[in-house]
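Listing of upload_0.cif, mmCIF, N, CA and C atoms
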```
data_upload
#
loop_
_atom_site.label_atom_id
_atom_site.label_comp_id
_atom_site.auth_asym_id
_atom_site.auth_seq_id
_atom_site.Cartn_x
_atom_site.Cartn_y
_atom_site.Cartn_z
N MET A 1 -2.04 -3.81 -15.15
CA MET A 1 -0.66 -4.26 -15.20
C MET A 1 -0.13 -4.58 -13.80
N TYR A 2 -0.48 -3.75 -12.85
CA TYR A 2 0.01 -3.92 -11.48
C TYR A 2 -1.03 -4.54 -10.56
N ARG A 3 -2.20 -4.83 -11.09
CA ARG A 3 -3.33 -5.23 -10.26
C ARG A 3 -3.01 -6.41 -9.33
N ALA A 4 -2.43 -7.47 -9.87
CA ALA A 4 -2.15 -8.67 -9.06
C ALA A 4 -1.16 -8.37 -7.95
N ARG A 5 -0.16 -7.56 -8.25
CA ARG A 5 0.86 -7.26 -7.23
C ARG A 5 0.31 -6.35 -6.15
N VAL A 6 -0.50 -5.36 -6.53
CA VAL A 6 -1.10 -4.48 -5.53
C VAL A 6 -2.08 -5.29 -4.68
N THR A 7 -2.82 -6.20 -5.32
CA THR A 7 -3.74 -7.06 -4.57
C THR A 7 -2.98 -7.90 -3.55
N ALA A 8 -1.86 -8.46 -3.96
CA ALA A 8 -1.04 -9.27 -3.04
C ALA A 8 -0.53 -8.41 -1.88
N LEU A 9 -0.10 -7.20 -2.17
CA LEU A 9 0.36 -6.30 -1.12
C LEU A 9 -0.79 -5.94 -0.17
N LEU A 10 -1.97 -5.76 -0.72
CA LEU A 10 -3.14 -5.48 0.12
C LEU A 10 -3.43 -6.65 1.04
N GLU A 11 -3.37 -7.86 0.50
CA GLU A 11 -3.64 -9.05 1.31
C GLU A 11 -2.62 -9.22 2.42
N ASP A 12 -1.38 -8.80 2.19
CA ASP A 12 -0.32 -8.91 3.19
C ASP A 12 -0.24 -7.69 4.11
N SER A 13 -1.05 -6.69 3.82
CA SER A 13 -0.95 -5.43 4.56
C SER A 13 -1.51 -5.57 5.98
N PRO A 14 -1.12 -4.63 6.84
CA PRO A 14 -1.65 -4.64 8.21
C PRO A 14 -3.03 -3.97 8.32
N LEU A 15 -3.59 -3.56 7.20
CA LEU A 15 -4.89 -2.88 7.23
C LEU A 15 -5.96 -3.80 7.81
N THR A 16 -6.79 -3.24 8.67
CA THR A 16 -7.88 -4.02 9.26
C THR A 16 -9.25 -3.40 8.97
N SER A 17 -9.28 -2.16 8.53
CA SER A 17 -10.54 -1.48 8.25
C SER A 17 -11.17 -2.06 6.98
N GLU A 18 -12.31 -2.68 7.14
CA GLU A 18 -13.00 -3.25 5.97
C GLU A 18 -13.35 -2.18 4.96
N ALA A 19 -13.68 -0.97 5.44
CA ALA A 19 -14.03 0.12 4.52
C ALA A 19 -12.83 0.48 3.64
N VAL A 20 -11.65 0.56 4.23
CA VAL A 20 -10.45 0.90 3.47
C VAL A 20 -10.11 -0.22 2.49
N ILE A 21 -10.16 -1.45 2.96
CA ILE A 21 -9.86 -2.60 2.11
C ILE A 21 -10.83 -2.64 0.93
N THR A 22 -12.10 -2.40 1.20
CA THR A 22 -13.11 -2.37 0.14
C THR A 22 -12.83 -1.25 -0.85
N ASP A 23 -12.44 -0.08 -0.35
CA ASP A 23 -12.12 1.05 -1.24
C ASP A 23 -10.95 0.70 -2.15
N VAL A 24 -9.91 0.10 -1.59
CA VAL A 24 -8.73 -0.25 -2.39
C VAL A 24 -9.12 -1.29 -3.45
N ARG A 25 -9.90 -2.28 -3.06
CA ARG A 25 -10.35 -3.30 -4.03
C ARG A 25 -11.23 -2.68 -5.12
N HIS A 26 -12.05 -1.74 -4.74
CA HIS A 26 -12.91 -1.05 -5.70
C HIS A 26 -12.06 -0.31 -6.73
N LEU A 27 -11.06 0.41 -6.26
CA LEU A 27 -10.16 1.11 -7.17
C LEU A 27 -9.45 0.14 -8.10
N LEU A 28 -9.00 -0.97 -7.56
CA LEU A 28 -8.33 -1.98 -8.39
C LEU A 28 -9.26 -2.53 -9.46
N SER A 29 -10.52 -2.75 -9.09
CA SER A 29 -11.47 -3.33 -10.05
C SER A 29 -11.79 -2.36 -11.19
N HIS A 30 -11.48 -1.09 -10.98
CA HIS A 30 -11.72 -0.09 -12.02
C HIS A 30 -10.42 0.35 -12.71
N GLY A 31 -9.37 -0.45 -12.53
CA GLY A 31 -8.12 -0.18 -13.23
C GLY A 31 -7.31 0.97 -12.66
N GLU A 32 -7.61 1.36 -11.45
CA GLU A 32 -6.91 2.47 -10.80
C GLU A 32 -5.83 1.94 -9.86
N GLU A 33 -4.87 1.19 -10.42
CA GLU A 33 -3.86 0.54 -9.59
C GLU A 33 -3.02 1.54 -8.80
N GLU A 34 -2.59 2.62 -9.45
CA GLU A 34 -1.73 3.59 -8.74
C GLU A 34 -2.49 4.28 -7.62
N LEU A 35 -3.74 4.65 -7.86
CA LEU A 35 -4.54 5.28 -6.82
C LEU A 35 -4.83 4.29 -5.69
N ALA A 36 -5.08 3.03 -6.04
CA ALA A 36 -5.31 2.00 -5.02
C ALA A 36 -4.07 1.82 -4.16
N PHE A 37 -2.91 1.78 -4.79
CA PHE A 37 -1.65 1.63 -4.06
C PHE A 37 -1.41 2.82 -3.15
N ASP A 38 -1.62 4.02 -3.67
CA ASP A 38 -1.43 5.22 -2.88
C ASP A 38 -2.40 5.26 -1.69
N THR A 39 -3.64 4.87 -1.93
CA THR A 39 -4.65 4.84 -0.86
C THR A 39 -4.23 3.86 0.23
N MET A 40 -3.79 2.68 -0.18
CA MET A 40 -3.35 1.67 0.78
C MET A 40 -2.19 2.20 1.63
N CYS A 41 -1.19 2.76 0.97
CA CYS A 41 -0.03 3.29 1.70
C CYS A 41 -0.42 4.43 2.62
N SER A 42 -1.30 5.29 2.15
CA SER A 42 -1.75 6.43 2.95
C SER A 42 -2.43 5.97 4.23
N TRP A 43 -3.27 4.96 4.12
CA TRP A 43 -3.98 4.47 5.31
C TRP A 43 -3.05 3.72 6.26
N ILE A 44 -2.09 3.02 5.72
CA ILE A 44 -1.10 2.36 6.60
C ILE A 44 -0.40 3.43 7.43
N TYR A 45 -0.02 4.53 6.78
CA TYR A 45 0.66 5.61 7.49
C TYR A 45 -0.30 6.32 8.44
N GLU A 46 -1.47 6.66 7.94
CA GLU A 46 -2.45 7.42 8.73
C GLU A 46 -2.82 6.68 10.02
N ASP A 47 -2.97 5.37 9.92
CA ASP A 47 -3.34 4.56 11.09
C ASP A 47 -2.12 4.10 11.89
N ALA A 48 -0.92 4.52 11.46
CA ALA A 48 0.33 4.16 12.13
C ALA A 48 0.44 2.66 12.36
N LEU A 49 0.17 1.90 11.30
CA LEU A 49 0.20 0.44 11.39
C LEU A 49 1.64 -0.06 11.23
N PRO A 50 2.11 -0.90 12.13
CA PRO A 50 3.48 -1.40 12.04
C PRO A 50 3.67 -2.30 10.82
N ILE A 51 4.83 -2.16 10.17
CA ILE A 51 5.16 -2.99 9.01
C ILE A 51 6.57 -3.54 9.16
N THR A 52 6.79 -4.68 8.55
CA THR A 52 8.12 -5.30 8.60
C THR A 52 9.02 -4.68 7.54
N ARG A 53 10.30 -4.87 7.72
CA ARG A 53 11.28 -4.39 6.73
C ARG A 53 10.98 -5.03 5.36
N GLN A 54 10.68 -6.32 5.36
CA GLN A 54 10.40 -7.02 4.09
C GLN A 54 9.19 -6.41 3.38
N TYR A 55 8.13 -6.16 4.13
CA TYR A 55 6.93 -5.57 3.53
C TYR A 55 7.22 -4.15 3.04
N HIS A 56 7.96 -3.39 3.83
CA HIS A 56 8.35 -2.04 3.43
C HIS A 56 9.14 -2.08 2.12
N ASP A 57 10.08 -2.99 2.03
CA ASP A 57 10.89 -3.13 0.81
C ASP A 57 10.01 -3.44 -0.40
N GLN A 58 8.98 -4.27 -0.21
CA GLN A 58 8.06 -4.59 -1.31
C GLN A 58 7.27 -3.34 -1.72
N LEU A 59 6.85 -2.55 -0.74
CA LEU A 59 6.12 -1.32 -1.04
C LEU A 59 7.01 -0.34 -1.81
N VAL A 60 8.25 -0.18 -1.37
CA VAL A 60 9.18 0.73 -2.02
C VAL A 60 9.44 0.28 -3.46
N ALA A 61 9.65 -1.02 -3.66
CA ALA A 61 9.89 -1.54 -5.00
C ALA A 61 8.69 -1.28 -5.91
N MET A 62 7.50 -1.50 -5.39
CA MET A 62 6.29 -1.26 -6.17
C MET A 62 6.15 0.23 -6.49
N ALA A 63 6.40 1.09 -5.52
CA ALA A 63 6.31 2.53 -5.74
C ALA A 63 7.31 2.99 -6.80
N ASP A 64 8.54 2.46 -6.73
CA ASP A 64 9.55 2.80 -7.73
C ASP A 64 9.12 2.36 -9.12
N GLU A 65 8.60 1.16 -9.22
CA GLU A 65 8.17 0.63 -10.51
C GLU A 65 7.01 1.44 -11.08
N MET A 66 6.11 1.86 -10.23
CA MET A 66 4.95 2.62 -10.68
C MET A 66 5.27 4.09 -10.90
N GLY A 67 6.43 4.52 -10.43
CA GLY A 67 6.78 5.93 -10.52
C GLY A 67 6.00 6.76 -9.51
N ALA A 68 5.73 6.16 -8.36
CA ALA A 68 4.95 6.83 -7.32
C ALA A 68 5.71 6.85 -6.00
N PRO A 69 6.90 7.46 -5.98
CA PRO A 69 7.71 7.41 -4.75
C PRO A 69 7.07 8.10 -3.56
N THR A 70 6.19 9.06 -3.78
CA THR A 70 5.59 9.75 -2.65
C THR A 70 4.62 8.85 -1.88
N SER A 71 4.15 7.79 -2.52
CA SER A 71 3.22 6.87 -1.85
C SER A 71 3.83 6.25 -0.61
N VAL A 72 5.12 5.99 -0.64
CA VAL A 72 5.78 5.29 0.47
C VAL A 72 6.59 6.23 1.37
N ARG A 73 6.53 7.51 1.07
CA ARG A 73 7.26 8.47 1.88
C ARG A 73 6.84 8.35 3.34
N ARG A 74 7.79 8.27 4.21
CA ARG A 74 7.62 8.22 5.67
C ARG A 74 7.13 6.87 6.21
N LEU A 75 6.88 5.88 5.36
CA LEU A 75 6.47 4.58 5.88
C LEU A 75 7.57 3.92 6.68
N ASP A 76 8.82 4.32 6.44
CA ASP A 76 9.92 3.74 7.21
C ASP A 76 9.80 4.06 8.69
N GLU A 77 9.01 5.06 9.05
CA GLU A 77 8.77 5.38 10.46
C GLU A 77 7.98 4.28 11.18
N LEU A 78 7.35 3.41 10.41
CA LEU A 78 6.48 2.38 10.98
C LEU A 78 7.13 1.00 11.09
N LEU A 79 8.42 0.93 10.75
CA LEU A 79 9.12 -0.36 10.79
C LEU A 79 9.19 -0.90 12.20
N VAL A 80 8.96 -2.21 12.33
CA VAL A 80 8.95 -2.84 13.65
C VAL A 80 10.09 -3.83 13.88
N ASP A 81 10.86 -4.15 12.85
CA ASP A 81 11.90 -5.16 13.09
C ASP A 81 13.29 -4.65 12.97
#
```
The structure given in the file should be rewritten as structure tokens.
Amino acid sequence: MYRARVTALLEDSPLTSEAVITDVRHLLSHGEEELAFDTMCSWIYEDALPITRQYHDQLVAMADEMGAPTSVRRLDELLVD
């Protein structure tokens, strides 16, 4: 249900680690959209990757829709604009 949107967020993400990107895509291919989303957000935070307000807003909206608000917790610390 969320696969296309999480995929789009992954493509727009600041992630550069091929291993992480591959893991997220693997989860998506197995129907684990919420886990894929959480993994993506966790790595963005863990690697302290800068994100724009617009991208952050998209992540928050997706988290709210999925019922996964903890996925985006503290990502606002990474805002660059």
Closest of A:Leu78, A:Ala4, A:Leu9, A:Ala63 to A:Ala48 - atom-to-atom distances counting only N, CA and C atoms: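 Among A:Leu78, A:Ala4, A:Leu9, A:Ala63, it is A:Leu78 that comes nearest to A:Ala48.
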Identify all residues of chain A in alpha helix (DSSP H) (DSSP on the backbone) and supply them as an NGL selection string. :A and (3-12 or 18-29 or 33-46 or 53-66)
Hey, can you pull every residue with an atom no more than 7 Å from (4.1, 8.7, 8.2), using only N, CA and C atoms, and send it as a list in words? Ile44, Tyr45, Glu46, Arg73, Arg74, Leu75, Asp76, Glu77 and Leu78 of chain A
So that I can check the surroundings of stretch 56-62 of chain A, please list as a VMD selection string every protein, DNA and RNA residue that reaches within 8 Å of it, counting all atoms listed in the file and ignoring chain neighbours fewer than 4 positions away. chain A and resid 5 to 6 9 51 to 52 66 to 69 71 to 73 75 to 76 79
Report, in Å with one decimal, the straight-line distance from atom C of A:Thr70 to atom C of A:Ala36.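 Separation of atom C of A:Thr70 and atom C of A:Ala36: 11.4 Å.
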Between atom CA of A:Asp81 and atom N of A:Val20 - distance in Å to one decimal: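 According to the coordinates, atom N of A:Val20 and atom CA of A:Asp81 are separated by 25.8 Å.
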Can you pull out the residues contacting stretch 21-28 of chain A? Cut-off 12 Å, using only C-alpha atoms, and skip same-chain residues under 6 positions away; I want them as a PyMOL selection string. chain A and resi 1-15+34-44
To one decimal place in Å, what is the distance between atom N of A:Asp47 and atom CA of A:Ser17?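 Value for the atom N of A:Asp47-atom CA of A:Ser17 distance: 10.3 Å.
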Can you work out which one of A:Ala19, A:His30, A:Glu65, A:Arg53 has the shortest atom-to-atom distance to A:Val80, counting only C-alpha atoms?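 Residue with the minimum atom-to-atom distance to A:Val80: A:Arg53.
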